[in-house]
Amino acid sequence: MFNKIVFFNYYLRKRRDLRKDGKTSVNLIISNCVINLAPDKEKVFREAFRVLKPGGRMYISDMVLLADLPEDLRNDKDLLAGCVAGAILKEEYLELLEKVGFSVEILNEDASISKRQYKGLPVESLRLKACV
């Protein structure tokens, strides 16, 4: 079914050799709660869109905010490690994906994670598919 599957780490700041030329581009990107660690999420989404082949997809699982967090929580190291302190509002997250050209399908939203893991903070786990 697949002729070649290659796994690699794509370092946004160092890799410029991937292009949408069909030879040095990718079909699929999977991101599991790491985009929230990037200070410039729009840049991450732009780069993902740039390297995906036409018809390519990105599957994302990430935490999003349902309301703004106070500054002291945004600077909390434990919440940063838990992908919450770096999170942005859900609407903003989705708008950034669409702004760079993705069509977005929400696959799952888990707001109960707020009570289970984050003492009721206004967060949810969002799983989605973004297509070129």
# chains A, B, ... in the order shown; residues from 1 in each chain; ligands from 1

call {"tool": "residues_around", "arguments": {"residues": "Tyr93 of chain A", "least_positions_apart": "3", "cutoff": "10 Å", "atoms": "only C-alpha atoms", "output": "list in words"}}
result
Asn36, Lys41, Glu42, Phe45, Asp62, Met63, Val64, Leu65, Ala87, Ile88, Leu89, Lys90, Leu96, Leu97, Glu98 and Lys99 of chain A

call {"tool": "residues_around", "arguments": {"residues": "Pro122 of chain A", "least_positions_apart": "2", "cutoff": "9 Å", "atoms": "only C-alpha atoms", "output": "mmCIF file with C-alpha atoms, in the first residue's frame"}}
result
data_model
loop_
_atom_site.group_PDB
_atom_site.id
_atom_site.type_symbol
_atom_site.label_atom_id
_atom_site.label_comp_id
_atom_site.auth_asym_id
_atom_site.auth_seq_id
_atom_site.Cartn_x
_atom_site.Cartn_y
_atom_site.Cartn_z
ATOM 1 C CA VAL A 64 -7.410 25.366 23.861
ATOM 2 C CA LEU A 65 -8.812 27.998 26.185
ATOM 3 C CA LEU A 66 -12.518 28.643 26.571
ATOM 4 C CA ALA A 67 -11.781 31.909 28.411
ATOM 5 C CA ASP A 68 -8.628 33.939 29.022
ATOM 6 C CA LEU A 69 -6.265 32.869 31.793
ATOM 7 C CA ALA A 111 -14.257 19.933 27.945
ATOM 8 C CA SER A 114 -10.878 20.697 32.743
ATOM 9 C CA TYR A 118 -6.970 21.154 35.586
ATOM 10 C CA GLY A 120 -11.866 23.572 36.525
ATOM 11 C CA GLU A 124 -10.646 21.754 26.637
#

call {"tool": "closest_residue", "arguments": {"among": "A:Cys83, A:Ile113, A:Ile30, A:Leu126", "to": "Gly56 of chain A", "atoms": "only C-alpha atoms"}}
result
A:Ile30

call {"tool": "closest_residue", "arguments": {"among": "A:Leu52, A:Asn75, A:Gly82, A:Val132", "to": "Asn32 of chain A", "atoms": "only C-alpha atoms"}}
result
A:Gly82

call {"tool": "select_by_dssp", "arguments": {"residues": "chain A", "states": "strand (DSSP E or B)", "output": "number ranges by chain"}}
result
A: 26-32, 52-65, 89, 103-110, 123-131

call {"tool": "write_last_selection", "arguments": {"atoms": "C-alpha atoms", "output": "PDB file, in the first residue's frame"}}
result
ATOM      1  CA  VAL A  26       4.872  15.668   3.034  1.00  0.00           C
ATOM      2  CA  ASN A  27       1.458  14.025   3.010  1.00  0.00           C
ATOM      3  CA  LEU A  28       0.740  14.012   6.717  1.00  0.00           C
ATOM      4  CA  ILE A  29       1.696  15.889   9.877  1.00  0.00           C
ATOM      5  CA  ILE A  30       0.719  14.695  13.338  1.00  0.00           C
ATOM      6  CA  SER A  31       0.963  17.050  16.299  1.00  0.00           C
ATOM      7  CA  ASN A  32       0.204  15.942  19.846  1.00  0.00           C
ATOM      8  CA  LEU A  52       2.076  19.724   2.900  1.00  0.00           C
ATOM      9  CA  LYS A  53       1.341  18.372  -0.566  1.00  0.00           C
ATOM     10  CA  PRO A  54      -1.991  19.290  -2.154  1.00  0.00           C
ATOM     11  CA  GLY A  55      -4.527  17.065  -0.423  1.00  0.00           C
ATOM     12  CA  GLY A  56      -2.206  16.731   2.595  1.00  0.00           C
ATOM     13  CA  ARG A  57      -3.527  16.640   6.134  1.00  0.00           C
ATOM     14  CA  MET A  58      -2.462  17.632   9.601  1.00  0.00           C
ATOM     15  CA  TYR A  59      -3.997  15.923  12.627  1.00  0.00           C
ATOM     16  CA  ILE A  60      -3.748  17.941  15.819  1.00  0.00           C
ATOM     17  CA  SER A  61      -4.507  17.233  19.444  1.00  0.00           C
ATOM     18  CA  ASP A  62      -4.035  20.328  21.569  1.00  0.00           C
ATOM     19  CA  MET A  63      -5.397  22.221  24.539  1.00  0.00           C
ATOM     20  CA  VAL A  64      -7.410  25.366  23.861  1.00  0.00           C
ATOM     21  CA  LEU A  65      -8.812  27.998  26.185  1.00  0.00           C
ATOM     22  CA  LEU A  89      -8.592  30.805  22.818  1.00  0.00           C
ATOM     23  CA  SER A 103      -9.926  23.747   5.949  1.00  0.00           C
ATOM     24  CA  VAL A 104     -10.649  22.508   9.458  1.00  0.00           C
ATOM     25  CA  GLU A 105     -12.766  19.640  10.731  1.00  0.00           C
ATOM     26  CA  ILE A 106     -13.189  19.265  14.483  1.00  0.00           C
ATOM     27  CA  LEU A 107     -12.992  15.574  15.341  1.00  0.00           C
ATOM     28  CA  ASN A 108     -13.463  15.723  19.118  1.00  0.00           C
ATOM     29  CA  GLU A 109     -13.830  18.242  21.933  1.00  0.00           C
ATOM     30  CA  ASP A 110     -13.262  17.177  25.533  1.00  0.00           C
ATOM     31  CA  VAL A 123      -9.707  24.588  28.921  1.00  0.00           C
ATOM     32  CA  GLU A 124     -10.646  21.754  26.637  1.00  0.00           C
ATOM     33  CA  SER A 125      -8.799  19.158  24.627  1.00  0.00           C
ATOM     34  CA  LEU A 126      -9.398  19.719  20.931  1.00  0.00           C
ATOM     35  CA  ARG A 127      -8.711  17.139  18.230  1.00  0.00           C
ATOM     36  CA  LEU A 128      -8.975  18.192  14.646  1.00  0.00           C
ATOM     37  CA  LYS A 129      -8.043  17.542  11.046  1.00  0.00           C
ATOM     38  CA  ALA A 130      -6.674  20.411   8.958  1.00  0.00           C
ATOM     39  CA  CYS A 131      -6.557  19.842   5.196  1.00  0.00           C
TER      40      CYS A 131
END

call {"tool": "atom_distance", "arguments": {"atom1": "atom CA of Glu47 of chain A", "atom2": "atom CA of Arg74 of chain A"}}
result
25.4 Å

call {"tool": "closest_residue", "arguments": {"among": "A:Leu121, A:Val44, A:Val51, A:Val100", "to": "Val84 of chain A", "atoms": "only C-alpha atoms"}}
result
A:Leu121

call {"tool": "select_by_dssp", "arguments": {"residues": "chain A", "states": "helix (DSSP H, G or I)", "output": "number ranges by chain"}}
result
A: 35-37, 41-51, 71-74, 77-81, 90-99, 113-117

call {"tool": "closest_residue", "arguments": {"among": "A:Asp78, A:Gly86, A:Phe49, A:Gln117", "to": "Ile35 of chain A", "atoms": "only C-alpha atoms"}}
result
A:Gly86
